[in-house]
file start-v9.pdb (PDB, C-alpha atoms, pLDDT in the B column)
ATOM      1  CA  MET A 170      60.104 118.858 -52.663  1.00 57.00           C
ATOM      2  CA  ALA A 171      57.079 118.497 -54.838  1.00 61.00           C
ATOM      3  CA  HIS A 172      54.127 120.548 -55.823  1.00 63.00           C
ATOM      4  CA  PRO A 173      50.603 119.152 -55.878  1.00 63.00           C
ATOM      5  CA  ALA A 174      50.292 116.632 -58.711  1.00 69.00           C
ATOM      6  CA  SER A 175      46.684 117.406 -59.603  1.00 79.00           C
ATOM      7  CA  GLU A 176      43.992 120.001 -59.040  1.00 82.00           C
ATOM      8  CA  GLU A 177      42.329 117.710 -56.510  1.00 85.00           C
ATOM      9  CA  GLU A 178      45.577 117.343 -54.547  1.00 80.00           C
ATOM     10  CA  ARG A 179      46.099 121.117 -54.708  1.00 78.00           C
ATOM     11  CA  ARG A 180      42.640 121.690 -53.180  1.00 83.00           C
ATOM     12  CA  PHE A 181      43.361 119.095 -50.492  1.00 83.00           C
ATOM     13  CA  VAL A 182      46.699 120.743 -49.644  1.00 82.00           C
ATOM     14  CA  GLU A 183      45.084 124.184 -49.687  1.00 83.00           C
ATOM     15  CA  ARG A 184      42.391 123.107 -47.199  1.00 87.00           C
ATOM     16  CA  ARG A 185      44.890 121.376 -44.929  1.00 88.00           C
ATOM     17  CA  VAL A 186      47.274 124.330 -44.899  1.00 86.00           C
ATOM     18  CA  LEU A 187      44.382 126.690 -44.211  1.00 88.00           C
ATOM     19  CA  ARG A 188      43.189 124.618 -41.240  1.00 91.00           C
ATOM     20  CA  GLN A 189      46.540 123.603 -39.743  1.00 91.00           C
ATOM     21  CA  PHE A 190      48.720 126.631 -40.326  1.00 88.00           C
ATOM     22  CA  ILE A 191      46.266 129.532 -40.450  1.00 90.00           C
ATOM     23  CA  LEU A 192      42.921 128.868 -38.717  1.00 93.00           C
ATOM     24  CA  ALA A 193      44.072 126.753 -35.736  1.00 94.00           C
ATOM     25  CA  PRO A 194      46.997 129.050 -34.828  1.00 94.00           C
ATOM     26  CA  ALA A 195      44.842 132.163 -35.384  1.00 95.00           C
ATOM     27  CA  VAL A 196      42.176 130.942 -32.954  1.00 96.00           C
ATOM     28  CA  SER A 197      44.863 129.942 -30.438  1.00 96.00           C
ATOM     29  CA  PHE A 198      46.626 133.273 -30.819  1.00 96.00           C
ATOM     30  CA  ALA A 199      43.347 135.153 -30.375  1.00 96.00           C
ATOM     31  CA  ALA A 200      42.643 133.267 -27.129  1.00 96.00           C
ATOM     32  CA  LEU A 201      46.182 133.884 -25.913  1.00 94.00           C
ATOM     33  CA  LEU A 202      46.089 137.584 -26.805  1.00 96.00           C
ATOM     34  CA  VAL A 203      42.616 138.252 -25.389  1.00 96.00           C
ATOM     35  CA  GLY A 204      43.467 136.343 -22.215  1.00 95.00           C
ATOM     36  CA  PHE A 205      46.707 138.264 -21.786  1.00 93.00           C
ATOM     37  CA  ASN A 206      45.145 141.673 -22.438  1.00 95.00           C
ATOM     38  CA  LEU A 207      42.132 141.061 -20.192  1.00 95.00           C
ATOM     39  CA  GLU A 208      44.351 139.422 -17.567  1.00 93.00           C
ATOM     40  CA  TRP A 209      42.466 136.134 -17.763  1.00 95.00           C
ATOM     41  CA  PRO A 210      45.268 133.608 -17.261  1.00 95.00           C
ATOM     42  CA  ARG A 211      43.016 130.607 -17.885  1.00 95.00           C
ATOM     43  CA  LEU A 212      42.128 131.908 -21.358  1.00 96.00           C
ATOM     44  CA  THR A 213      45.816 132.583 -22.012  1.00 96.00           C
ATOM     45  CA  ALA A 214      46.642 128.988 -21.001  1.00 96.00           C
ATOM     46  CA  THR A 215      43.826 127.769 -23.241  1.00 96.00           C
ATOM     47  CA  GLY A 216      45.467 129.594 -26.156  1.00 96.00           C
ATOM     48  CA  VAL A 217      48.769 127.865 -25.366  1.00 97.00           C
ATOM     49  CA  ILE A 218      46.952 124.512 -25.291  1.00 97.00           C
ATOM     50  CA  GLY A 219      45.471 125.400 -28.693  1.00 97.00           C
ATOM     51  CA  PHE A 220      48.962 125.950 -30.099  1.00 97.00           C
ATOM     52  CA  GLY A 221      50.028 122.627 -28.609  1.00 97.00           C
ATOM     53  CA  LEU A 222      47.058 120.820 -30.132  1.00 97.00           C
ATOM     54  CA  ALA A 223      47.784 122.393 -33.523  1.00 96.00           C
ATOM     55  CA  ALA A 224      51.388 121.162 -33.286  1.00 96.00           C
ATOM     56  CA  LEU A 225      50.169 117.670 -32.320  1.00 96.00           C
ATOM     57  CA  TRP A 226      47.818 117.689 -35.300  1.00 95.00           C
ATOM     58  CA  ILE A 227      50.538 118.743 -37.738  1.00 94.00           C
ATOM     59  CA  GLY A 228      53.112 116.358 -36.300  1.00 95.00           C
ATOM     60  CA  GLY A 229      50.766 113.404 -36.014  1.00 95.00           C
ATOM     61  CA  LEU A 230      49.669 113.672 -39.628  1.00 94.00           C
ATOM     62  CA  ALA A 231      53.246 114.228 -40.842  1.00 93.00           C
ATOM     63  CA  ALA A 232      54.504 111.122 -39.025  1.00 93.00           C
ATOM     64  CA  ALA A 233      51.519 108.953 -39.943  1.00 93.00           C
ATOM     65  CA  GLU A 234      51.375 109.953 -43.615  1.00 92.00           C
ATOM     66  CA  ARG A 235      55.139 110.437 -44.041  1.00 90.00           C
ATOM     67  CA  ARG A 236      54.364 113.745 -45.656  1.00 88.00           C
ATOM     68  CA  LEU A 237      54.726 117.404 -44.709  1.00 86.00           C
ATOM     69  CA  VAL A 238      52.331 119.802 -46.388  1.00 82.00           C
ATOM     70  CA  PHE A 239      52.831 123.554 -46.130  1.00 75.00           C
ATOM     71  CA  ILE A 240      52.905 126.865 -47.992  1.00 74.00           C
ATOM     72  CA  ARG A 241      56.034 128.717 -49.059  1.00 70.00           C
ATOM     73  CA  GLY A 242      56.910 132.099 -50.539  1.00 66.00           C
ATOM     74  CA  GLY A 243      55.450 135.544 -50.447  1.00 59.00           C
ATOM     75  CA  THR A 244      56.622 137.278 -47.286  1.00 58.00           C
ATOM     76  CA  MET A 245      60.395 137.372 -47.683  1.00 57.00           C
ATOM     77  CA  THR A 246      60.600 136.865 -51.429  1.00 57.00           C
ATOM     78  CA  ARG A 247      58.876 138.227 -54.477  1.00 64.00           C
ATOM     79  CA  ARG A 248      57.641 134.762 -55.417  1.00 62.00           C
ATOM     80  CA  GLU A 249      53.996 133.860 -55.223  1.00 69.00           C
ATOM     81  CA  TYR A 250      52.756 131.565 -52.502  1.00 67.00           C
ATOM     82  CA  ARG A 251      53.071 127.907 -53.430  1.00 71.00           C
ATOM     83  CA  TYR A 252      51.757 124.803 -51.750  1.00 72.00           C
ATOM     84  CA  VAL A 253      54.608 122.391 -51.106  1.00 73.00           C
ATOM     85  CA  ILE A 254      54.621 118.699 -50.242  1.00 78.00           C
ATOM     86  CA  TYR A 255      57.653 116.928 -48.796  1.00 80.00           C
ATOM     87  CA  GLU A 256      57.242 113.152 -48.794  1.00 83.00           C
ATOM     88  CA  GLY A 257      59.412 110.428 -47.328  1.00 84.00           C
ATOM     89  CA  VAL A 258      60.774 108.885 -44.159  1.00 88.00           C
ATOM     90  CA  ALA A 259      62.196 112.244 -43.041  1.00 87.00           C
ATOM     91  CA  ALA A 260      58.654 113.417 -42.328  1.00 91.00           C
ATOM     92  CA  ILE A 261      58.517 111.037 -39.345  1.00 93.00           C
ATOM     93  CA  PRO A 262      61.215 112.751 -37.224  1.00 94.00           C
ATOM     94  CA  TYR A 263      59.979 116.182 -38.339  1.00 93.00           C
ATOM     95  CA  GLY A 264      56.479 115.160 -37.268  1.00 95.00           C
ATOM     96  CA  LEU A 265      57.822 113.866 -33.951  1.00 96.00           C
ATOM     97  CA  ALA A 266      59.519 117.229 -33.384  1.00 95.00           C
ATOM     98  CA  TYR A 267      56.118 118.907 -33.766  1.00 95.00           C
ATOM     99  CA  VAL A 268      54.600 116.332 -31.386  1.00 97.00           C
ATOM    100  CA  VAL A 269      57.269 116.988 -28.731  1.00 97.00           C
ATOM    101  CA  ALA A 270      56.734 120.751 -29.035  1.00 96.00           C
ATOM    102  CA  GLY A 271      52.966 120.333 -28.813  1.00 97.00           C
ATOM    103  CA  LEU A 272      53.155 118.042 -25.794  1.00 97.00           C
ATOM    104  CA  SER A 273      55.521 120.469 -24.076  1.00 96.00           C
ATOM    105  CA  LEU A 274      53.140 123.390 -24.588  1.00 96.00           C
ATOM    106  CA  ILE A 275      50.140 121.377 -23.454  1.00 97.00           C
ATOM    107  CA  THR A 276      51.993 120.097 -20.375  1.00 96.00           C
ATOM    108  CA  LEU A 277      53.052 123.575 -19.283  1.00 95.00           C
ATOM    109  CA  ALA A 278      49.583 125.032 -19.782  1.00 97.00           C
ATOM    110  CA  ALA A 279      47.924 122.074 -18.030  1.00 97.00           C
ATOM    111  CA  LEU A 280      50.284 122.458 -15.060  1.00 96.00           C
ATOM    112  CA  PHE A 281      49.327 126.122 -14.885  1.00 96.00           C
ATOM    113  CA  LEU A 282      45.612 125.315 -15.097  1.00 96.00           C
ATOM    114  CA  GLY A 283      46.181 122.699 -12.380  1.00 95.00           C
ATOM    115  CA  GLY A 284      47.340 125.396  -9.982  1.00 95.00           C
ATOM    116  CA  ILE A 285      51.122 125.391 -10.366  1.00 95.00           C
ATOM    117  CA  SER A 286      52.374 128.961 -10.675  1.00 93.00           C
ATOM    118  CA  LEU A 287      54.776 130.174 -13.337  1.00 91.00           C
ATOM    119  CA  GLU A 288      57.242 131.071 -10.588  1.00 95.00           C
ATOM    120  CA  ARG A 289      57.170 127.482  -9.283  1.00 96.00           C
ATOM    121  CA  MET A 290      57.714 126.076 -12.805  1.00 94.00           C
ATOM    122  CA  ARG A 291      60.639 128.464 -13.252  1.00 94.00           C
ATOM    123  CA  ALA A 292      62.142 127.433  -9.903  1.00 95.00           C
ATOM    124  CA  VAL A 293      61.906 123.739 -10.826  1.00 94.00           C
ATOM    125  CA  ALA A 294      63.498 124.379 -14.231  1.00 93.00           C
ATOM    126  CA  LEU A 295      66.357 126.320 -12.617  1.00 95.00           C
ATOM    127  CA  ALA A 296      66.870 123.719  -9.890  1.00 95.00           C
ATOM    128  CA  ARG A 297      66.738 120.796 -12.316  1.00 95.00           C
ATOM    129  CA  PRO A 298      67.549 122.094 -15.817  1.00 93.00           C
ATOM    130  CA  GLY A 299      67.176 118.615 -17.296  1.00 92.00           C
ATOM    131  CA  VAL A 300      63.426 118.952 -16.856  1.00 90.00           C
ATOM    132  CA  ALA A 301      63.416 121.780 -19.400  1.00 89.00           C
ATOM    133  CA  LEU A 302      66.325 120.585 -21.531  1.00 94.00           C
ATOM    134  CA  MET A 303      65.010 117.054 -22.124  1.00 95.00           C
ATOM    135  CA  PRO A 304      62.070 118.088 -24.329  1.00 94.00           C
ATOM    136  CA  LEU A 305      64.202 120.714 -26.062  1.00 93.00           C
ATOM    137  CA  GLY A 306      66.957 118.182 -26.750  1.00 94.00           C
ATOM    138  CA  THR A 307      64.438 115.650 -28.037  1.00 95.00           C
ATOM    139  CA  LEU A 308      62.897 118.266 -30.325  1.00 93.00           C
ATOM    140  CA  LEU A 309      66.314 119.241 -31.704  1.00 92.00           C
ATOM    141  CA  LEU A 310      67.324 115.591 -32.109  1.00 93.00           C
ATOM    142  CA  CYS A 311      64.180 114.807 -34.086  1.00 93.00           C
ATOM    143  CA  HIS A 312      64.599 117.902 -36.246  1.00 88.00           C
ATOM    144  CA  GLY A 313      68.257 117.056 -36.886  1.00 86.00           C
ATOM    145  CA  LEU A 314      67.374 113.475 -37.826  1.00 87.00           C
ATOM    146  CA  GLY A 315      64.788 114.723 -40.286  1.00 86.00           C
ATOM    147  CA  PHE A 316      67.317 117.083 -41.789  1.00 81.00           C
ATOM    148  CA  LEU A 317      69.954 114.337 -41.957  1.00 80.00           C
ATOM    149  CA  ILE A 318      67.613 111.808 -43.583  1.00 80.00           C
ATOM    150  CA  GLY A 319      66.315 114.395 -46.038  1.00 74.00           C
ATOM    151  CA  PHE A 320      63.495 114.079 -48.504  1.00 72.00           C
ATOM    152  CA  VAL A 321      63.689 112.090 -51.703  1.00 64.00           C
ATOM    153  CA  HIS A 322      63.213 114.067 -54.871  1.00 59.00           C
ATOM    154  CA  ARG A 323      59.833 113.040 -56.274  1.00 56.00           C
ATOM    155  CA  SER A 324      60.345 113.812 -59.952  1.00 60.00           C
ATOM    156  CA  GLY A 325      62.768 112.467 -62.517  1.00 61.00           C
ATOM    157  CA  SER A 326      64.341 109.107 -63.204  1.00 67.00           C
ATOM    158  CA  TRP A 327      66.043 106.943 -60.597  1.00 66.00           C
ATOM    159  CA  TRP A 328      69.403 108.394 -61.607  1.00 68.00           C
ATOM    160  CA  GLN A 329      68.166 111.998 -61.314  1.00 66.00           C
ATOM    161  CA  ARG A 330      66.746 111.334 -57.843  1.00 64.00           C
ATOM    162  CA  ALA A 331      69.983 109.626 -56.706  1.00 69.00           C
ATOM    163  CA  PHE A 332      72.084 112.491 -58.111  1.00 68.00           C
ATOM    164  CA  GLY A 333      69.825 114.996 -56.328  1.00 68.00           C
ATOM    165  CA  MET A 334      70.342 113.165 -53.040  1.00 66.00           C
ATOM    166  CA  LEU A 335      74.111 113.151 -53.624  1.00 69.00           C
ATOM    167  CA  ILE A 336      74.084 116.908 -54.249  1.00 67.00           C
ATOM    168  CA  ASP A 337      72.040 117.399 -51.048  1.00 68.00           C
ATOM    169  CA  ALA A 338      74.424 115.276 -48.937  1.00 67.00           C
ATOM    170  CA  PRO A 339      76.695 118.114 -47.709  1.00 65.00           C
ATOM    171  CA  GLY A 340      73.664 120.088 -46.577  1.00 62.00           C
ATOM    172  CA  ARG A 341      72.286 117.042 -44.757  1.00 63.00           C
ATOM    173  CA  LEU A 342      75.431 116.732 -42.682  1.00 64.00           C
ATOM    174  CA  GLU A 343      74.252 119.804 -40.785  1.00 61.00           C
ATOM    175  CA  GLY A 344      71.573 117.569 -39.278  1.00 55.00           C
TER     176      GLY A 344
END

call {"tool": "encode", "arguments": {"input": "start-v9.pdb", "output": "C-alpha cells"}}
result
Amino acid sequence: MAHPASEEERRFVERRVLRQFILAPAVSFAALLVGFNLEWPRLTATGVIGFGLAALWIGGLAAAERRLVFIRGGTMTRREYRYVIYEGVAAIPYGLAYVVAGLSLITLAALFLGGISLERMRAVALARPGVALMPLGTLLLCHGLGFLIGFVHRSGSWWQRAFGMLIDAPGRLEG
C-alpha cells in the first residue's frame, strides 16, 4: 500500500477516484433508482449497464496499469479519507474480477433490453445453475488470486519489503 508520492500524483488519484468511484456509480444509481421508481424498466437496465461499464473501466485500468487506486477511511473509522495506491501484479487478477462483474451486469441488462424477461433468466439459472455460477466462480477465483499474490510494499529497502511480504504470507493463504 502506498500513498501518492507527489502533489501531482495526489491530484491525479483524486480525479480518478472522483470519476470512477463517485461520479460514474452516482449517475448509474440515479438512472437505476429513477427507472425503478417511475417503473421504466429500460432506464433501470440502463443504470445496471452504467454500473457494469464503471466496473469495466476500473478493472481495465487496474489490469493494464497494474495499479489499483481508491480512497479509504472516514465512514467506519475516525481516520480522515486517504487516497491509496496498490501497485503490482496482484492488480491484474483484481482488475479481471472487476471486468467479470462488469461484463455480467452488462450481459444481464442487455438480455433484458433484448426482450428476455427476468422470469425467463431466473428459470434458466435454476435449470442450469452453471450459467450463473460460472461468472461468480471466475470472479471469486480472480479475487482470490489477487489476494494470494498480494501487493509488494513500495517503501523501504529490499530487506524491509521482503520481510513485509513474509509477514503478510499467512494472510495471503486465505486467497

call {"tool": "resolve_selection", "arguments": {"input": "start-v9.pdb", "expression": "the PyMOL selection byres ((chain A and resi 305) around 12)", "output": "ChimeraX atom specification"}}
result
/A:266-274,298-304,306-312

call {"tool": "atom_distance", "arguments": {"input": "start-v9.pdb", "atom1": "CA of Phe281 in chain A", "atom2": "CA of Leu222 in chain A"}}
result
16.3 Å

call {"tool": "resolve_selection", "arguments": {"input": "start-v9.pdb", "expression": "the PyMOL selection byres ((chain A and resi 197) around 10)", "output": "PyMOL selection string"}}
result
chain A and resi 192-196+198-203+212-223

call {"tool": "closest_residue", "arguments": {"input": "start-v9.pdb", "among": "A:Leu265, A:Ile240, A:Ala260, A:Leu295", "to": "Phe320 in chain A", "atoms": "only C-alpha atoms"}}
result
A:Ala260

call {"tool": "closest_residue", "arguments": {"input": "start-v9.pdb", "among": "A:Glu208, A:Gly264, A:Val253, A:Gly315", "to": "Gly229 in chain A", "atoms": "all atoms listed in the file"}}
result
A:Gly264

call {"tool": "atom_distance", "arguments": {"input": "start-v9.pdb", "atom1": "CA of Ile227 in chain A", "atom2": "CA of Glu177 in chain A"}}
result
20.5 Å

call {"tool": "atom_distance", "arguments": {"input": "start-v9.pdb", "atom1": "CA of Ala231 in chain A", "atom2": "CA of Gly319 in chain A"}}
result
14.1 Å

call {"tool": "closest_residue", "arguments": {"input": "start-v9.pdb", "among": "A:Val238, A:Leu314, A:Leu287, A:Leu282", "to": "Arg251 in chain A", "atoms": "all atoms listed in the file"}}
result
A:Val238

call {"tool": "closest_residue", "arguments": {"input": "start-v9.pdb", "among": "A:Glu256, A:Ala224, A:Gln189, A:Ala292", "to": "Leu237 in chain A", "atoms": "all atoms listed in the file"}}
result
A:Glu256

call {"tool": "decode", "arguments": {"input": "start-v9.pdb", "residues": "range 191-205 of chain A", "atoms": "all heavy atoms", "output": "PDB file, in the first residue's frame"}}
result
ATOM      1  N   ILE A 191     -17.128   7.660  -7.649  1.00  0.00           N
ATOM      2  CA  ILE A 191     -18.191   8.527  -7.138  1.00  0.00           C
ATOM      3  C   ILE A 191     -19.130   8.953  -8.266  1.00  0.00           C
ATOM      4  O   ILE A 191     -20.325   8.667  -8.225  1.00  0.00           O
ATOM      5  CB  ILE A 191     -17.593   9.744  -6.399  1.00  0.00           C
ATOM      6  CG1 ILE A 191     -16.795   9.252  -5.184  1.00  0.00           C
ATOM      7  CG2 ILE A 191     -18.699  10.701  -5.964  1.00  0.00           C
ATOM      8  CD1 ILE A 191     -15.998  10.300  -4.469  1.00  0.00           C
ATOM      9  N   LEU A 192     -18.618   9.632  -9.299  1.00  0.00           N
ATOM     10  CA  LEU A 192     -19.488  10.152 -10.348  1.00  0.00           C
ATOM     11  C   LEU A 192     -20.149   9.050 -11.181  1.00  0.00           C
ATOM     12  O   LEU A 192     -21.376   9.068 -11.361  1.00  0.00           O
ATOM     13  CB  LEU A 192     -18.714  11.095 -11.265  1.00  0.00           C
ATOM     14  CG  LEU A 192     -18.271  12.420 -10.640  1.00  0.00           C
ATOM     15  CD1 LEU A 192     -17.499  13.252 -11.645  1.00  0.00           C
ATOM     16  CD2 LEU A 192     -19.476  13.196 -10.132  1.00  0.00           C
ATOM     17  N   ALA A 193     -19.371   8.116 -11.717  1.00  0.00           N
ATOM     18  CA  ALA A 193     -19.946   7.066 -12.573  1.00  0.00           C
ATOM     19  C   ALA A 193     -20.982   6.223 -11.812  1.00  0.00           C
ATOM     20  O   ALA A 193     -22.096   6.031 -12.314  1.00  0.00           O
ATOM     21  CB  ALA A 193     -18.842   6.195 -13.164  1.00  0.00           C
ATOM     22  N   PRO A 194     -20.672   5.744 -10.605  1.00  0.00           N
ATOM     23  CA  PRO A 194     -21.707   4.992  -9.880  1.00  0.00           C
ATOM     24  C   PRO A 194     -22.909   5.860  -9.478  1.00  0.00           C
ATOM     25  O   PRO A 194     -24.035   5.364  -9.461  1.00  0.00           O
ATOM     26  CB  PRO A 194     -20.988   4.471  -8.633  1.00  0.00           C
ATOM     27  CG  PRO A 194     -19.551   4.452  -9.007  1.00  0.00           C
ATOM     28  CD  PRO A 194     -19.372   5.611  -9.941  1.00  0.00           C
ATOM     29  N   ALA A 195     -22.692   7.137  -9.185  1.00  0.00           N
ATOM     30  CA  ALA A 195     -23.809   8.005  -8.807  1.00  0.00           C
ATOM     31  C   ALA A 195     -24.775   8.197  -9.969  1.00  0.00           C
ATOM     32  O   ALA A 195     -25.996   8.126  -9.791  1.00  0.00           O
ATOM     33  CB  ALA A 195     -23.290   9.357  -8.320  1.00  0.00           C
ATOM     34  N   VAL A 196     -24.249   8.407 -11.170  1.00  0.00           N
ATOM     35  CA  VAL A 196     -25.104   8.559 -12.346  1.00  0.00           C
ATOM     36  C   VAL A 196     -25.840   7.249 -12.623  1.00  0.00           C
ATOM     37  O   VAL A 196     -27.043   7.234 -12.910  1.00  0.00           O
ATOM     38  CB  VAL A 196     -24.272   9.008 -13.576  1.00  0.00           C
ATOM     39  CG1 VAL A 196     -25.081   8.924 -14.850  1.00  0.00           C
ATOM     40  CG2 VAL A 196     -23.747  10.419 -13.360  1.00  0.00           C
ATOM     41  N   SER A 197     -25.134   6.133 -12.516  1.00  0.00           N
ATOM     42  CA  SER A 197     -25.760   4.822 -12.738  1.00  0.00           C
ATOM     43  C   SER A 197     -26.843   4.553 -11.698  1.00  0.00           C
ATOM     44  O   SER A 197     -27.932   4.078 -12.020  1.00  0.00           O
ATOM     45  CB  SER A 197     -24.704   3.722 -12.676  1.00  0.00           C
ATOM     46  OG  SER A 197     -23.728   3.924 -13.656  1.00  0.00           O
ATOM     47  N   PHE A 198     -26.537   4.869 -10.453  1.00  0.00           N
ATOM     48  CA  PHE A 198     -27.511   4.656  -9.384  1.00  0.00           C
ATOM     49  C   PHE A 198     -28.735   5.539  -9.575  1.00  0.00           C
ATOM     50  O   PHE A 198     -29.865   5.110  -9.346  1.00  0.00           O
ATOM     51  CB  PHE A 198     -26.874   4.907  -8.015  1.00  0.00           C
ATOM     52  CG  PHE A 198     -27.769   4.566  -6.867  1.00  0.00           C
ATOM     53  CD1 PHE A 198     -28.065   3.241  -6.586  1.00  0.00           C
ATOM     54  CD2 PHE A 198     -28.322   5.560  -6.078  1.00  0.00           C
ATOM     55  CE1 PHE A 198     -28.909   2.915  -5.527  1.00  0.00           C
ATOM     56  CE2 PHE A 198     -29.155   5.245  -5.028  1.00  0.00           C
ATOM     57  CZ  PHE A 198     -29.454   3.919  -4.744  1.00  0.00           C
ATOM     58  N   ALA A 199     -28.522   6.779 -10.004  1.00  0.00           N
ATOM     59  CA  ALA A 199     -29.645   7.684 -10.255  1.00  0.00           C
ATOM     60  C   ALA A 199     -30.546   7.120 -11.354  1.00  0.00           C
ATOM     61  O   ALA A 199     -31.779   7.125 -11.221  1.00  0.00           O
ATOM     62  CB  ALA A 199     -29.137   9.073 -10.637  1.00  0.00           C
ATOM     63  N   ALA A 200     -29.948   6.624 -12.438  1.00  0.00           N
ATOM     64  CA  ALA A 200     -30.744   6.036 -13.522  1.00  0.00           C
ATOM     65  C   ALA A 200     -31.502   4.816 -13.022  1.00  0.00           C
ATOM     66  O   ALA A 200     -32.697   4.644 -13.321  1.00  0.00           O
ATOM     67  CB  ALA A 200     -29.842   5.664 -14.698  1.00  0.00           C
ATOM     68  N   LEU A 201     -30.827   3.970 -12.254  1.00  0.00           N
ATOM     69  CA  LEU A 201     -31.464   2.776 -11.724  1.00  0.00           C
ATOM     70  C   LEU A 201     -32.622   3.142 -10.793  1.00  0.00           C
ATOM     71  O   LEU A 201     -33.724   2.597 -10.904  1.00  0.00           O
ATOM     72  CB  LEU A 201     -30.430   1.935 -10.972  1.00  0.00           C
ATOM     73  CG  LEU A 201     -30.919   0.594 -10.480  1.00  0.00           C
ATOM     74  CD1 LEU A 201     -30.030  -0.505 -11.040  1.00  0.00           C
ATOM     75  CD2 LEU A 201     -30.867   0.556  -8.975  1.00  0.00           C
ATOM     76  N   LEU A 202     -32.399   4.084  -9.906  1.00  0.00           N
ATOM     77  CA  LEU A 202     -33.406   4.480  -8.927  1.00  0.00           C
ATOM     78  C   LEU A 202     -34.598   5.162  -9.592  1.00  0.00           C
ATOM     79  O   LEU A 202     -35.757   4.840  -9.301  1.00  0.00           O
ATOM     80  CB  LEU A 202     -32.768   5.404  -7.884  1.00  0.00           C
ATOM     81  CG  LEU A 202     -33.539   5.672  -6.609  1.00  0.00           C
ATOM     82  CD1 LEU A 202     -33.773   4.367  -5.867  1.00  0.00           C
ATOM     83  CD2 LEU A 202     -32.765   6.632  -5.733  1.00  0.00           C
ATOM     84  N   VAL A 203     -34.330   6.102 -10.489  1.00  0.00           N
ATOM     85  CA  VAL A 203     -35.420   6.793 -11.187  1.00  0.00           C
ATOM     86  C   VAL A 203     -36.213   5.797 -12.029  1.00  0.00           C
ATOM     87  O   VAL A 203     -37.446   5.808 -12.038  1.00  0.00           O
ATOM     88  CB  VAL A 203     -34.868   7.950 -12.050  1.00  0.00           C
ATOM     89  CG1 VAL A 203     -35.931   8.501 -12.977  1.00  0.00           C
ATOM     90  CG2 VAL A 203     -34.321   9.057 -11.156  1.00  0.00           C
ATOM     91  N   GLY A 204     -35.514   4.924 -12.745  1.00  0.00           N
ATOM     92  CA  GLY A 204     -36.203   3.919 -13.547  1.00  0.00           C
ATOM     93  C   GLY A 204     -37.056   2.993 -12.710  1.00  0.00           C
ATOM     94  O   GLY A 204     -38.190   2.651 -13.090  1.00  0.00           O
ATOM     95  N   PHE A 205     -36.559   2.595 -11.562  1.00  0.00           N
ATOM     96  CA  PHE A 205     -37.317   1.708 -10.675  1.00  0.00           C
ATOM     97  C   PHE A 205     -38.541   2.418 -10.111  1.00  0.00           C
ATOM     98  O   PHE A 205     -39.643   1.872 -10.104  1.00  0.00           O
ATOM     99  CB  PHE A 205     -36.414   1.205  -9.553  1.00  0.00           C
ATOM    100  CG  PHE A 205     -37.082   0.215  -8.657  1.00  0.00           C
ATOM    101  CD1 PHE A 205     -37.232  -1.110  -9.050  1.00  0.00           C
ATOM    102  CD2 PHE A 205     -37.570   0.604  -7.417  1.00  0.00           C
ATOM    103  CE1 PHE A 205     -37.855  -2.034  -8.223  1.00  0.00           C
ATOM    104  CE2 PHE A 205     -38.196  -0.311  -6.589  1.00  0.00           C
ATOM    105  CZ  PHE A 205     -38.346  -1.629  -6.983  1.00  0.00           C
TER     106      PHE A 205
END
